[in-house]
>>> print(open('final26.txt').read())   # compact mmCIF, C-alpha atoms and all ligand atoms
# COMPACT_ATOMS: atom_id res chain seq x y z
CA MET R 1 58.15 -45.46 -62.35
CA LYS R 2 58.88 -44.18 -65.86
CA ILE R 3 56.70 -41.50 -67.41
CA LEU R 4 57.00 -40.52 -71.06
CA GLY R 5 55.36 -37.41 -72.48
CA ILE R 6 55.01 -37.08 -76.24
CA SER R 7 54.26 -33.66 -77.66
CA GLY R 8 52.70 -33.84 -81.10
CA SER R 9 53.24 -30.15 -81.76
CA PRO R 10 55.47 -29.08 -84.65
CA ARG R 11 56.52 -26.24 -82.32
CA SER R 12 59.22 -27.69 -80.13
CA ASP R 13 58.73 -25.52 -77.06
CA GLY R 14 55.10 -24.66 -77.64
CA ASN R 15 52.08 -24.80 -75.37
CA THR R 16 51.61 -28.56 -75.64
CA SER R 17 55.16 -29.23 -74.50
CA ALA R 18 54.61 -26.74 -71.66
CA TYR R 19 51.48 -28.48 -70.34
CA ILE R 20 53.08 -31.92 -70.61
CA GLN R 21 56.17 -30.61 -68.81
CA MET R 22 53.96 -29.37 -65.96
CA VAL R 23 52.72 -32.92 -65.40
CA LEU R 24 56.22 -34.36 -65.75
CA ASP R 25 57.67 -31.87 -63.24
CA GLU R 26 55.03 -32.79 -60.67
CA MET R 27 55.70 -36.49 -61.20
CA ALA R 28 59.48 -36.03 -61.04
CA GLU R 29 59.02 -34.29 -57.67
CA ARG R 30 57.29 -37.43 -56.46
CA GLY R 31 60.23 -39.54 -57.61
CA ALA R 32 59.24 -40.67 -61.11
CA GLU R 33 61.76 -40.90 -63.96
CA VAL R 34 60.45 -38.61 -66.69
CA GLU R 35 61.14 -37.95 -70.37
CA LEU R 36 59.59 -35.56 -72.87
CA ILE R 37 59.79 -36.36 -76.58
CA ARG R 38 58.93 -33.49 -78.88
CA LEU R 39 57.90 -34.66 -82.35
CA ALA R 40 58.81 -31.24 -83.77
CA GLY R 41 61.50 -31.54 -86.43
CA LYS R 42 61.60 -35.33 -86.30
CA ASN R 43 61.89 -37.42 -89.44
CA LEU R 44 58.57 -39.28 -89.31
CA ARG R 45 56.44 -40.64 -92.06
CA GLY R 46 52.97 -42.03 -91.72
CA CYS R 47 52.02 -45.71 -91.82
CA THR R 48 52.36 -46.98 -95.38
CA GLY R 49 49.96 -49.89 -94.85
CA CYS R 50 52.64 -52.37 -95.95
CA TYR R 51 51.55 -54.89 -93.27
CA GLN R 52 55.16 -56.04 -92.93
CA CYS R 53 54.99 -55.54 -89.16
CA ILE R 54 52.85 -58.69 -88.95
CA GLU R 55 55.84 -60.82 -89.90
CA ALA R 56 58.68 -58.51 -88.92
CA LYS R 57 57.18 -57.87 -85.43
CA LYS R 58 58.26 -54.25 -85.80
CA CYS R 59 57.63 -51.29 -88.04
CA VAL R 60 59.98 -51.71 -90.97
CA ILE R 61 60.20 -48.02 -91.86
CA GLU R 62 63.54 -46.74 -90.60
CA ASP R 63 63.22 -43.19 -89.32
CA ASP R 64 62.92 -41.42 -85.95
CA PHE R 65 59.91 -43.56 -85.03
CA GLN R 66 62.12 -46.43 -83.93
CA ALA R 67 63.70 -44.54 -81.01
CA ILE R 68 60.34 -43.07 -80.00
CA PHE R 69 58.76 -46.53 -80.00
CA GLN R 70 61.54 -47.86 -77.77
CA SER R 71 60.85 -45.10 -75.24
CA ILE R 72 57.13 -45.90 -75.36
CA ILE R 73 57.83 -49.57 -74.65
CA GLU R 74 59.97 -48.69 -71.63
CA ALA R 75 57.40 -46.29 -70.10
CA ASP R 76 54.86 -47.20 -67.41
CA GLY R 77 52.86 -44.02 -68.01
CA LEU R 78 52.25 -42.18 -71.25
CA LEU R 79 51.12 -38.58 -71.69
CA LEU R 80 49.88 -38.16 -75.25
CA GLY R 81 49.71 -34.46 -76.01
CA SER R 82 48.62 -32.61 -79.11
CA PRO R 83 47.64 -29.12 -80.11
CA VAL R 84 44.27 -29.07 -81.84
CA TYR R 85 44.81 -28.71 -85.59
CA HIS R 86 41.54 -28.35 -87.44
CA SER R 87 39.73 -30.20 -84.68
CA SER R 88 42.23 -33.07 -84.73
CA ILE R 89 45.57 -34.29 -83.45
CA THR R 90 48.56 -33.27 -85.55
CA ALA R 91 49.88 -35.27 -88.49
CA GLU R 92 53.08 -35.96 -86.54
CA LEU R 93 51.30 -37.60 -83.62
CA LYS R 94 48.93 -39.48 -85.93
CA ALA R 95 51.93 -40.95 -87.73
CA VAL R 96 53.43 -42.18 -84.46
CA LEU R 97 50.16 -43.55 -83.09
CA ASP R 98 49.23 -45.37 -86.31
CA ARG R 99 52.61 -47.03 -86.59
CA ALA R 100 52.94 -47.76 -82.87
CA GLY R 101 49.41 -49.11 -82.59
CA PHE R 102 49.70 -51.45 -85.54
CA SER R 103 53.23 -52.75 -84.99
CA GLY R 104 52.68 -52.91 -81.21
CA ARG R 105 49.73 -55.22 -81.80
CA TRP R 106 51.43 -57.52 -84.29
CA ALA R 107 54.57 -57.72 -82.18
CA MET R 108 52.50 -59.80 -79.74
CA ASN R 109 50.03 -61.57 -82.03
CA GLU R 110 49.81 -63.65 -85.17
CA MET R 111 47.57 -62.87 -88.12
CA LYS R 112 44.84 -65.50 -88.40
CA GLU R 113 42.32 -66.37 -91.05
CA LYS R 114 40.28 -63.35 -91.95
CA ASP R 115 37.08 -64.63 -90.35
CA SER R 116 38.46 -66.38 -87.28
CA ALA R 117 37.81 -65.03 -83.81
CA TYR R 118 40.89 -63.49 -82.30
CA THR R 119 42.23 -64.32 -78.88
CA TRP R 120 44.51 -61.36 -78.47
CA LYS R 121 47.61 -61.78 -76.34
CA GLY R 122 47.64 -58.09 -75.56
CA THR R 123 49.83 -55.43 -77.12
CA VAL R 124 53.17 -53.92 -76.16
CA PHE R 125 51.07 -51.20 -74.48
CA SER R 126 49.09 -53.56 -72.26
CA ASP R 127 48.58 -52.04 -68.80
CA LYS R 128 50.40 -48.82 -69.57
CA VAL R 129 48.63 -45.90 -67.95
CA VAL R 130 47.72 -43.28 -70.55
CA ALA R 131 46.39 -39.73 -70.35
CA PRO R 132 45.50 -37.52 -73.30
CA ILE R 133 46.33 -33.80 -73.16
CA THR R 134 44.99 -31.42 -75.77
CA VAL R 135 45.63 -27.73 -76.32
CA ALA R 136 43.52 -25.35 -78.35
CA ARG R 137 43.01 -21.68 -78.87
CA ARG R 138 39.23 -22.12 -78.92
CA ALA R 139 37.50 -25.16 -80.45
CA GLY R 140 37.99 -28.83 -81.21
CA GLN R 141 39.22 -30.08 -77.82
CA ASN R 142 36.60 -32.81 -77.44
CA PHE R 143 37.17 -34.43 -80.81
CA THR R 144 40.94 -34.35 -80.44
CA PHE R 145 40.76 -35.64 -76.86
CA ALA R 146 38.48 -38.44 -78.06
CA GLN R 147 40.94 -39.43 -80.79
CA LEU R 148 43.58 -40.02 -78.16
CA LEU R 149 41.16 -41.87 -75.87
CA LEU R 150 40.12 -44.12 -78.75
CA TRP R 151 43.73 -44.98 -79.48
CA ALA R 152 44.40 -45.82 -75.83
CA THR R 153 41.28 -47.91 -75.35
CA ALA R 154 41.89 -50.01 -78.48
CA ASN R 155 45.50 -50.67 -77.52
CA ASP R 156 44.93 -52.28 -74.12
CA CYS R 157 45.97 -49.23 -72.10
CA ILE R 158 44.53 -48.06 -68.80
CA VAL R 159 43.20 -44.52 -69.07
CA VAL R 160 43.60 -42.41 -65.95
CA GLY R 161 40.85 -39.94 -65.10
CA ASN R 162 41.04 -36.47 -63.62
CA ASN R 163 38.63 -33.93 -62.16
CA TYR R 164 38.29 -32.36 -65.60
CA TRP R 165 39.42 -33.18 -69.15
CA ASN R 166 43.16 -32.59 -69.53
CA VAL R 167 42.94 -29.54 -71.76
CA GLY R 168 44.84 -26.30 -71.99
CA VAL R 169 43.53 -23.13 -73.61
CA ALA R 170 46.38 -21.23 -75.21
CA GLY R 171 47.93 -20.10 -78.45
CA LYS R 172 45.81 -17.23 -79.75
CA GLY R 173 47.64 -15.83 -82.75
CA GLY R 174 50.40 -18.36 -82.16
CA ALA R 175 51.14 -17.14 -78.62
CA PHE R 176 53.24 -19.20 -76.23
CA ASP R 177 51.05 -18.61 -73.20
CA ALA R 178 50.24 -21.95 -71.57
CA GLU R 179 50.97 -20.59 -68.08
CA ALA R 180 48.30 -17.91 -68.45
CA ASP R 181 45.58 -20.57 -68.37
CA THR R 182 45.65 -21.01 -64.62
CA GLU R 183 42.78 -23.49 -64.70
CA GLY R 184 44.73 -25.57 -67.22
CA VAL R 185 47.80 -25.47 -64.96
CA GLY R 186 45.67 -26.79 -62.09
CA ILE R 187 44.28 -29.55 -64.28
CA MET R 188 47.80 -30.72 -65.14
CA LYS R 189 48.72 -30.82 -61.43
CA GLY R 190 45.61 -32.89 -60.73
CA LEU R 191 46.52 -35.26 -63.54
CA ALA R 192 50.01 -35.79 -62.14
CA GLU R 193 48.59 -36.65 -58.72
CA ARG R 194 46.13 -39.17 -60.15
CA MET R 195 48.56 -40.80 -62.55
CA TYR R 196 51.15 -41.15 -59.80
CA THR R 197 48.64 -42.64 -57.35
CA LEU R 198 47.31 -45.12 -59.93
CA LEU R 199 50.79 -46.29 -60.92
CA LYS R 200 51.79 -46.66 -57.26
CA THR R 201 48.68 -48.75 -56.67
CA MET R 202 49.79 -50.90 -59.58
CA GLY R 203 53.14 -51.46 -57.86
CA LYS R 204 55.25 -49.20 -60.11
C1 LIG R 301 47.29 -25.45 -88.68
C2 LIG R 301 46.68 -25.05 -87.38
C3 LIG R 301 45.38 -25.46 -87.10
C4 LIG R 301 44.78 -25.09 -85.88
N1 LIG R 301 43.50 -25.49 -85.64
C5 LIG R 301 42.90 -25.13 -84.48
C6 LIG R 301 41.55 -25.54 -84.19
O1 LIG R 301 40.90 -26.28 -84.93
N2 LIG R 301 40.99 -25.10 -83.03
C7 LIG R 301 41.67 -24.28 -82.16
O2 LIG R 301 41.11 -23.90 -81.14
N3 LIG R 301 42.96 -23.91 -82.38
C8 LIG R 301 43.58 -24.32 -83.52
N4 LIG R 301 44.90 -23.96 -83.75
C9 LIG R 301 45.63 -23.24 -82.69
C10 LIG R 301 46.50 -24.17 -81.82
O3 LIG R 301 45.81 -25.31 -81.37
C11 LIG R 301 47.02 -23.40 -80.59
O4 LIG R 301 47.70 -22.25 -81.01
C12 LIG R 301 47.90 -24.22 -79.69
O5 LIG R 301 48.14 -23.49 -78.50
C13 LIG R 301 49.23 -24.57 -80.34
O6 LIG R 301 49.95 -25.42 -79.48
P1 LIG R 301 51.56 -25.57 -79.60
O7 LIG R 301 52.13 -24.27 -79.08
O8 LIG R 301 51.89 -26.72 -78.73
O9 LIG R 301 51.87 -25.81 -81.02
C14 LIG R 301 45.51 -24.31 -84.95
C15 LIG R 301 46.83 -23.93 -85.24
C16 LIG R 301 47.41 -24.29 -86.44
C17 LIG R 301 48.83 -23.84 -86.73
>>> encode(input="final26.txt", output="structure tokens", more="lines below")
Ligand SMILES: Cc1cc2nc3c(=O)[nH]c(=O)nc-3n(C[C@H](O)[C@H](O)[C@H](O)COP(=O)(O)O)c2cc1C
Amino acid sequence: MKILGISGSPRSDGNTSAYIQMVLDEMAERGAEVELIRLAGKNLRGCTGCYQCIEAKKCVIEDDFQAIFQSIIEADGLLLGSPVYHSSITAELKAVLDRAGFSGRWAMNEMKEKDSAYTWKGTVFSDKVVAPITVARRAGQNFTFAQLLLWATANDCIVVGNNYWNVGVAGKGGAFDAEADTEGVGIMKGLAERMYTLLKTMGK
């Protein structure tokens, strides 16, 4: 069972990485193979809308995205984490999700006539188990969480639930204080348990 966490924070060891790591640690204890990719400092540009992935079956922009995408493909479970930036995911994570979502779809499908009904053959993310994690000082969790849910549900992923939304409250004045949100810590432990159980049920 391979679990990949992606932290969209531009702060490498910030609160988002900390909450994701809590889930990964719990899953590693249960025997999962885990990896955390921090988007901080990576060379990543946004989707250029070139549509070349339809023919190329991959994103043709050569930067750090390519290695990240390979790790996504190899993972059974994906933790998509972002700090809330103006009520949204960060630009770094948006760049990855736009490029992964588009090229991951066209890697498995052909473009048809504009008006024809599609019979999709899935995406490279089909049946991956996904959980959003968002972190905010105060406001914007729901919108940011929904952005990640919308990405997962349009890309043929299976979203795992929890006993609360996977949110952490941290970072007032830029503080690195994820651990102080004890409720958030408990939520991450609950998420690990549920994601592990679901993946085991799926035979991973
Ligand atoms: C540019 C910017 C925009 C932010 N926007 C919000 C916001 O809309 N709502 C909020 O509650 N916190 C906001 N924050 C605070 C961060 O979400 C918070 O500090 C978080 O813990 C940072 O996570 P990190 O340590 O993983 O980077 C913002 C921070 C920055 C730098």
>>> residues_near_ligand(input="final26.txt", ligand="ligand LIG 301 (chain R)", cutoff="6 Å", atoms="only C-alpha atoms and all ligand atoms", output="ChimeraX atom specification")
/R:9,11,14-17,83-87,135-140,170-172,174,176
>>> atom_distance(input="final26.txt", atom1="CA of Ile54 in chain R", atom2="CA of Thr123 in chain R")
12.6 Å
>>> residues_around(input="final26.txt", residues="range 128-131 of chain R", least_positions_apart="6", cutoff="6 Å", atoms="only C-alpha atoms", output="PDB file with C-alpha atoms, in the frame of the given file")
ATOM      1  CA  ASP R  76      54.860 -47.200 -67.410  1.00  0.00           C
ATOM      2  CA  GLY R  77      52.860 -44.020 -68.010  1.00  0.00           C
ATOM      3  CA  LEU R  78      52.250 -42.180 -71.250  1.00  0.00           C
ATOM      4  CA  LEU R  79      51.120 -38.580 -71.690  1.00  0.00           C
ATOM      5  CA  CYS R 157      45.970 -49.230 -72.100  1.00  0.00           C
ATOM      6  CA  ILE R 158      44.530 -48.060 -68.800  1.00  0.00           C
ATOM      7  CA  VAL R 159      43.200 -44.520 -69.070  1.00  0.00           C
ATOM      8  CA  VAL R 160      43.600 -42.410 -65.950  1.00  0.00           C
TER       9      VAL R 160
END
>>> atom_distance(input="final26.txt", atom1="CA of Cys53 in chain R", atom2="CA of Ala75 in chain R")
21.3 Å
>>> axis_aligned_box(input="final26.txt", around="range 65-80 of chain R", padding_each_side="4 Å", output="JSON")
{"center_x": 56.8, "center_y": -43.9, "center_z": -76.2, "size_x": 21.8, "size_y": 19.4, "size_z": 25.6}
>>> atom_distance(input="final26.txt", atom1="CA of Lys112 in chain R", atom2="CA of Glu74 in chain R")
28.2 Å
>>> residues_around(input="final26.txt", residues="Gly122 in chain R", least_positions_apart="4", cutoff="7 Å", atoms="all atoms listed in the file", output="number ranges by chain")
R: 108, 126, 156
>>> closest_residue(input="final26.txt", among="R:Leu44, R:Ile133, R:Cys59, R:Val23", to="Val167 in chain R", atoms="only C-alpha atoms")
R:Ile133
>>> residues_around(input="final26.txt", residues="range 184-195 of chain R", least_positions_apart="6", cutoff="7 Å", atoms="only C-alpha atoms", output="PyMOL selection string")
chain R and resi 19+22-23+26-27+160+162+164+166-169
>>> closest_residue(input="final26.txt", among="R:Ser103, R:Thr90, R:Asn163, R:Gln52", to="Phe65 in chain R", atoms="only C-alpha atoms")
R:Ser103
>>> closest_residue(input="final26.txt", among="R:Ala100, R:Ala175, R:Ala107, R:Ile3", to="Arg30 in chain R", atoms="all atoms listed in the file")
R:Ile3
>>> closest_residue(input="final26.txt", among="R:Gly81, R:Gly101, R:Gly41, R:Gly173", to="Gly5 in chain R", atoms="all atoms listed in the file")
R:Gly81
>>> residues_around(input="final26.txt", residues="Gln147 in chain R", least_positions_apart="2", cutoff="12 Å", atoms="only C-alpha atoms", output="PDB file with C-alpha atoms, in the coordinates of the input")
ATOM      1  CA  LEU R  80      49.880 -38.160 -75.250  1.00  0.00           C
ATOM      2  CA  GLY R  81      49.710 -34.460 -76.010  1.00  0.00           C
ATOM      3  CA  SER R  82      48.620 -32.610 -79.110  1.00  0.00           C
ATOM      4  CA  VAL R  84      44.270 -29.070 -81.840  1.00  0.00           C
ATOM      5  CA  SER R  87      39.730 -30.200 -84.680  1.00  0.00           C
ATOM      6  CA  SER R  88      42.230 -33.070 -84.730  1.00  0.00           C
ATOM      7  CA  ILE R  89      45.570 -34.290 -83.450  1.00  0.00           C
ATOM      8  CA  THR R  90      48.560 -33.270 -85.550  1.00  0.00           C
ATOM      9  CA  LEU R  93      51.300 -37.600 -83.620  1.00  0.00           C
ATOM     10  CA  LYS R  94      48.930 -39.480 -85.930  1.00  0.00           C
ATOM     11  CA  LEU R  97      50.160 -43.550 -83.090  1.00  0.00           C
ATOM     12  CA  ASP R  98      49.230 -45.370 -86.310  1.00  0.00           C
ATOM     13  CA  ALA R 131      46.390 -39.730 -70.350  1.00  0.00           C
ATOM     14  CA  PRO R 132      45.500 -37.520 -73.300  1.00  0.00           C
ATOM     15  CA  ILE R 133      46.330 -33.800 -73.160  1.00  0.00           C
ATOM     16  CA  THR R 134      44.990 -31.420 -75.770  1.00  0.00           C
ATOM     17  CA  GLY R 140      37.990 -28.830 -81.210  1.00  0.00           C
ATOM     18  CA  GLN R 141      39.220 -30.080 -77.820  1.00  0.00           C
ATOM     19  CA  ASN R 142      36.600 -32.810 -77.440  1.00  0.00           C
ATOM     20  CA  PHE R 143      37.170 -34.430 -80.810  1.00  0.00           C
ATOM     21  CA  THR R 144      40.940 -34.350 -80.440  1.00  0.00           C
ATOM     22  CA  PHE R 145      40.760 -35.640 -76.860  1.00  0.00           C
ATOM     23  CA  LEU R 149      41.160 -41.870 -75.870  1.00  0.00           C
ATOM     24  CA  LEU R 150      40.120 -44.120 -78.750  1.00  0.00           C
ATOM     25  CA  TRP R 151      43.730 -44.980 -79.480  1.00  0.00           C
ATOM     26  CA  ALA R 152      44.400 -45.820 -75.830  1.00  0.00           C
ATOM     27  CA  THR R 153      41.280 -47.910 -75.350  1.00  0.00           C
ATOM     28  CA  ALA R 154      41.890 -50.010 -78.480  1.00  0.00           C
TER      29      ALA R 154
END
